[in-house]
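Here is the structure we will look at.
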Amino acid sequence: MKHFTEALGLARYTLYMQDYGGPVGFRMALADPDRVEALIVQNAVAHNEGRGPLWKARRAFWADRAAHEYTLRANLLSLKATRTRHVGSDPNVDRYDPDLWTDEFAFLSQPSQADIQSDMFYDYRTNVDAYPKWQDWLRHRQPRLLVIWGKYDPSFDISQPEAYRRDVPEAEVTFLTLATSHWTRPRTRSPH
């Protein structure tokens, strides 16, 4: 991504960071802090308390990969887990287009994807180790910060936006108008 911004000749930019994009954006910000004008964070964490209950199995996987690989794959790659990423705990599941999670699950079911996703997720632990650096950067740089959060996200706790505000008191925190989960927002029109 750094090379991409250089190829475009961007001297300054705003980063929009969601999920895995959060760690990418924070690494970019630490590498070139003067280039970052602002951050827009949607359901991406930078604090330990921001990781919700689903992370129990994920932390066990990091501690002993061989013993917890199967559990991690069920927690991350199963159809149930894929659907949950899209609808979370929203009681109005009919608002969501099922193609969102069935398409993602079809992709995740492709040959080698389970191995790729498991490897990528095992490496995710390095992001957690970097949280203190990201928090320190936020506290010292005080960037313009907009935090947008899906109310029903099962992966990242609803307390995370306020953790950002502790680091950047002037941060604007917004919970999306329609109840949302981790990846998606509900349909805005009827399926019929």
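Letters for chains follow the order of the structure tokens (A, B, ...), residue numbers begin at 1 for each chain, and ligand numbers begin at 1 in the order shown.
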Which range 9-101 of chain A residues have any atom within 6 Å of an atom of range 144-167 of chain A, and for each, what is the nearest pair of atoms with distance in Å to one decimal, counting only C-alpha atoms, rows sorted by chain and number, as JSON lines?
{"residue": "A:Ala38", "atom": "CA", "partner": "A:Arg144", "partner_atom": "CA", "distance": 4.6}
{"residue": "A:Leu39", "atom": "CA", "partner": "A:Leu145", "partner_atom": "CA", "distance": 4.9}
{"residue": "A:Ile40", "atom": "CA", "partner": "A:Leu146", "partner_atom": "CA", "distance": 4.8}
{"residue": "A:Val41", "atom": "CA", "partner": "A:Val147", "partner_atom": "CA", "distance": 4.8}
{"residue": "A:Gln42", "atom": "CA", "partner": "A:Ile148", "partner_atom": "CA", "distance": 4.7}
{"residue": "A:Asn43", "atom": "CA", "partner": "A:Trp149", "partner_atom": "CA", "distance": 5.4}
{"residue": "A:Gly50", "atom": "CA", "partner": "A:Gln160", "partner_atom": "CA", "distance": 4.6}
{"residue": "A:Arg51", "atom": "CA", "partner": "A:Phe156", "partner_atom": "CA", "distance": 4.7}
{"residue": "A:Gly52", "atom": "CA", "partner": "A:Asp157", "partner_atom": "CA", "distance": 4.8}
{"residue": "A:Leu54", "atom": "CA", "partner": "A:Ser155", "partner_atom": "CA", "distance": 5.9}
{"residue": "A:Gly88", "atom": "CA", "partner": "A:Tyr152", "partner_atom": "CA", "distance": 5.2}
{"residue": "A:Ser89", "atom": "CA", "partner": "A:Tyr152", "partner_atom": "CA", "distance": 5.2}
{"residue": "A:Asp90", "atom": "CA", "partner": "A:Tyr152", "partner_atom": "CA", "distance": 5.6}
Using backbone DSSP assignments, extract all strand (DSSP E or B) residues from chain A; output them as a list in words.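 The strand (DSSP E or B) residues within chain A come out as Tyr13, Thr14, Leu15, Tyr16, Met17, Gln18, Val36, Glu37, Ala38, Leu39, Ile40, Val41, Gln42, Arg51, Arg144, Leu145, Leu146, Val147, Ile148, Trp149, Phe156, Glu172, Val173, Thr174 and Phe175 of chain A.
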Please identify all polymer residues within 12 Å of Trp55 in chain A, counting only C-alpha atoms, omitting same-chain residues fewer than 4 positions from it, and present them as a PyMOL selection string. chain A and resi 48-51+59-62+71-72+75-76+121+124-125+128+154-157
Looking only at helix (DSSP H, G or I) from DSSP on the backbone, list the matching residues of range 36-175 of chain A as a PyMOL selection string. chain A and resi 48-50+55-63+65-77+79-87+93-95+99-108+113-123+125-141+160-167
Name the residues in contact with Tyr131 in chain A at a cut-off of 9 Å, using only C-alpha atoms, excluding same-chain residues fewer than 5 positions from it; report them as a ChimeraX atom specification. /A:45-48,136
Closest of A:Leu30, A:Val87, A:Met17, A:Val36 to Thr5 in chain A - atom-to-atom distances counting only C-alpha atoms: A:Val36
Which residue, A:Pro53, A:Arg83, A:Gly9, A:Pro169, has the smallest gap to Asp97 in chain A when you use only C-alpha atoms?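 Of the candidates, the smallest distance to Asp97 in chain A is held by A:Arg83.
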Restricting the calculation to only C-alpha atoms: of A:Asp32, A:Met1, A:Phe26, A:Glu6, which residue gets closest to Pro132 in chain A?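 Going through A:Asp32, A:Met1, A:Phe26, A:Glu6 one by one, the smallest distance to Pro132 in chain A is for A:Phe26.
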Residue among A:Tyr122, A:Phe105, A:Phe175, A:Trp137 lying closest to Arg58 in chain A, counting only C-alpha atoms: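 Once distances to Arg58 in chain A are computed over only C-alpha atoms, the minimum belongs to A:Tyr122.
For the atom pair formed by CA of Val173 in chain A and CA of Arg12 in chain A, the distance is 23.0 Å, given to one decimal.
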Atomic separation - CA of Arg65 in chain A relative to CA of Arg85 in chain A, Å: 22.5 Å
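Between CA of Asp19 in chain A and CA of Arg95 in chain A there is a distance of 21.9 Å.
Distance annotation: of A:Leu138, A:Leu8, A:Thr14, A:Leu79, the residue with the minimal separation from Arg35 in chain A is A:Thr14; atom set is only C-alpha atoms.
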Name the closest residue to Thr82 in chain A among the candidates A:Pro98, A:Ala63, A:Met120, A:Glu104; distances are taken between atoms, counting only C-alpha atoms.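 Checking each candidate against Thr82 in chain A, we get A:Glu104 as the closest.
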